[in-house]
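Accompanying notes for the structure given below.
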Amino acid sequence: MKKSKTGLVLLLVVTLTVVFAGLAWGDNPIVIRFAYGDNPDPIRASAHADAVVFKKYVEDRSAGRIKVELYPACQLGSEREMIEGVQLGSIQMSNVSEGTVGIFFPEILATAIPYAFRTYTEAWYTLDSPFMRKLMGEMTRKTGIRCLDVNQNGFRNFSNNIRPIHTPADLKGLKIRTMEHRGHMKMVESLGASPVPIAWGELYTALQQKVIDGQENPPSLVVVTKFYEVQKYYTIDGHIYSIDFTFINDNFYNSLPDDLRQIVYEGAEISGLFHKGAETYTSNCIALGELADYGMEIYVPTAEEINLFREKSQQPVIDWLKTQVDPKWVDGFVQTIEEVKVMLEAPGKGEVGAGVVLVK
């Protein structure tokens, strides 16, 4: 009887030890603070949907060893402040657009060539290319910020509240908001409008108060931000294929145990594929119909009109870019686009894309 009681006591001690050890581990997971600008709309906000998928995958696969805290709608600051936070390590991860990346890594400007892509497929292959992996590797070396994935928001188009835009002449004199991206500003300037850089979180108010006449964004973002309430005309010119990035602090990433690092890597790949395909493409297609229902006048330029936009802006921007960054990056991006076009026109002649996740 005495031995039996002793055995029960030992069993109880062992059981409690295991339970409390589990609680202690569960109470102290590795926390990833993930910040981004999109509103928490799971259908139309691609960055938010991406983050939700990432959180679900990483937390489930790590069995709770990693906790992902989501901070949508610029809760932790502007995009510039998010990138600063990732660089300093106060924020572990962020999803930001290419606009503010150039402040920290000027070489990203090389991707700001207007009217470079004709289709989603051309953009996808180019942004999944060895060139982009090399460019993002350079960013890690220079900034301590690692790119887990190049995400995509789709083609950017002009909207305004003054008049329909059919040709570059219709842009003359308009004040158009751009991101804090000097390449985009140069493009708008070359088309005859006045570029006005305004932070994402301040854009709706600026349009509402008529500080600016228009802006440029993909359809899904125009819907989710309700810009249709303060904009009348929308022109599907596709001047820039909008890129954004999932960034992580490189020191934090390398400090993770090997198995958890692999889970984070896989999570970014899976959520990035969802972001690119299911969210970006589908939500933009759906959004065009919604914008028409909301009363926006939508215009699709002819091929001849698109050529007018391209002729007015593409070469001037390329020439300017080569004065801002090493021309090898600009030439490399242009060459990759041309290789992709050849490959897609003649399947089987070569492979340019090499995976979605850029740096492991």
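Please note that chains go A, B, ... in the order of the structure tokens, that every chain numbers its residues from 1, and that ligands are numbered from 1 in the order shown.
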Sel. of alpha helix (DSSP H) residues, stretch 91-253 of chain A, as number ranges by chain: A: 98-104, 120-127, 130-143, 182-190, 203-208, 219-224, 250-253
Based on the selection just made, write C-alpha atoms of those residues as a PDB file, in the first residue's frame.
ATOM      1  CA  GLU A  98       7.939  49.148 -53.422  1.00  0.00           C
ATOM      2  CA  GLY A  99       7.339  52.866 -52.908  1.00  0.00           C
ATOM      3  CA  THR A 100       9.238  53.289 -49.670  1.00  0.00           C
ATOM      4  CA  VAL A 101      11.760  50.503 -50.253  1.00  0.00           C
ATOM      5  CA  GLY A 102      13.851  52.819 -52.406  1.00  0.00           C
ATOM      6  CA  ILE A 103      14.552  55.024 -49.392  1.00  0.00           C
ATOM      7  CA  PHE A 104      16.449  52.136 -47.809  1.00  0.00           C
ATOM      8  CA  TYR A 120       0.196  39.163 -65.594  1.00  0.00           C
ATOM      9  CA  THR A 121       2.197  36.168 -66.779  1.00  0.00           C
ATOM     10  CA  GLU A 122       5.085  38.314 -68.003  1.00  0.00           C
ATOM     11  CA  ALA A 123       5.183  40.076 -64.649  1.00  0.00           C
ATOM     12  CA  TRP A 124       5.022  36.849 -62.631  1.00  0.00           C
ATOM     13  CA  TYR A 125       7.912  35.210 -64.456  1.00  0.00           C
ATOM     14  CA  THR A 126      10.048  38.333 -64.283  1.00  0.00           C
ATOM     15  CA  LEU A 127       9.495  38.839 -60.574  1.00  0.00           C
ATOM     16  CA  PRO A 130      17.136  34.777 -60.824  1.00  0.00           C
ATOM     17  CA  PHE A 131      17.593  38.513 -61.449  1.00  0.00           C
ATOM     18  CA  MET A 132      15.132  39.343 -58.673  1.00  0.00           C
ATOM     19  CA  ARG A 133      16.770  36.878 -56.298  1.00  0.00           C
ATOM     20  CA  LYS A 134      20.108  38.544 -56.962  1.00  0.00           C
ATOM     21  CA  LEU A 135      18.614  41.998 -56.409  1.00  0.00           C
ATOM     22  CA  MET A 136      16.978  40.963 -53.148  1.00  0.00           C
ATOM     23  CA  GLY A 137      20.172  39.283 -51.978  1.00  0.00           C
ATOM     24  CA  GLU A 138      21.928  42.604 -52.497  1.00  0.00           C
ATOM     25  CA  MET A 139      19.304  44.257 -50.317  1.00  0.00           C
ATOM     26  CA  THR A 140      19.922  41.800 -47.487  1.00  0.00           C
ATOM     27  CA  ARG A 141      23.648  42.462 -47.615  1.00  0.00           C
ATOM     28  CA  LYS A 142      23.220  46.238 -47.625  1.00  0.00           C
ATOM     29  CA  THR A 143      20.344  46.692 -45.169  1.00  0.00           C
ATOM     30  CA  ARG A 182      11.094  58.609 -57.211  1.00  0.00           C
ATOM     31  CA  GLY A 183      10.729  56.376 -60.256  1.00  0.00           C
ATOM     32  CA  HIS A 184       6.951  56.622 -60.141  1.00  0.00           C
ATOM     33  CA  MET A 185       7.203  60.373 -59.641  1.00  0.00           C
ATOM     34  CA  LYS A 186       9.429  60.656 -62.706  1.00  0.00           C
ATOM     35  CA  MET A 187       6.911  58.642 -64.737  1.00  0.00           C
ATOM     36  CA  VAL A 188       3.995  60.881 -63.739  1.00  0.00           C
ATOM     37  CA  GLU A 189       6.088  63.956 -64.488  1.00  0.00           C
ATOM     38  CA  SER A 190       7.047  62.619 -67.943  1.00  0.00           C
ATOM     39  CA  LEU A 203      -4.397  59.363 -49.171  1.00  0.00           C
ATOM     40  CA  TYR A 204      -8.182  59.175 -48.769  1.00  0.00           C
ATOM     41  CA  THR A 205      -8.274  62.443 -46.834  1.00  0.00           C
ATOM     42  CA  ALA A 206      -6.056  64.154 -49.406  1.00  0.00           C
ATOM     43  CA  LEU A 207      -8.430  63.091 -52.193  1.00  0.00           C
ATOM     44  CA  GLN A 208     -11.495  64.044 -50.165  1.00  0.00           C
ATOM     45  CA  PRO A 219      -8.667  48.107 -58.767  1.00  0.00           C
ATOM     46  CA  SER A 220      -8.803  45.999 -55.600  1.00  0.00           C
ATOM     47  CA  LEU A 221      -7.125  48.711 -53.547  1.00  0.00           C
ATOM     48  CA  VAL A 222      -9.435  51.377 -54.975  1.00  0.00           C
ATOM     49  CA  VAL A 223     -12.368  49.273 -53.740  1.00  0.00           C
ATOM     50  CA  VAL A 224     -11.040  48.337 -50.312  1.00  0.00           C
ATOM     51  CA  ASP A 250      17.730  39.025 -41.170  1.00  0.00           C
ATOM     52  CA  ASN A 251      19.302  38.615 -37.725  1.00  0.00           C
ATOM     53  CA  PHE A 252      15.985  37.453 -36.289  1.00  0.00           C
ATOM     54  CA  TYR A 253      15.495  35.009 -39.165  1.00  0.00           C
TER      55      TYR A 253
END
Please report, as JSON lines, each residue of stretch 239-282 of chain A lying at most 10 Å from stretch 211-218 of chain A, together with the nearest pair of atoms and the separation in Å rounded to one decimal; use only C-alpha atoms, and order rows by chain and ascending residue number.
{"residue": "A:His239", "atom": "CA", "partner": "A:Glu216", "partner_atom": "CA", "distance": 9.1}
{"residue": "A:Ile240", "atom": "CA", "partner": "A:Asn217", "partner_atom": "CA", "distance": 9.1}
{"residue": "A:Tyr241", "atom": "CA", "partner": "A:Pro218", "partner_atom": "CA", "distance": 8.8}
{"residue": "A:Ser242", "atom": "CA", "partner": "A:Pro218", "partner_atom": "CA", "distance": 7.7}
{"residue": "A:Thr280", "atom": "CA", "partner": "A:Pro218", "partner_atom": "CA", "distance": 9.2}
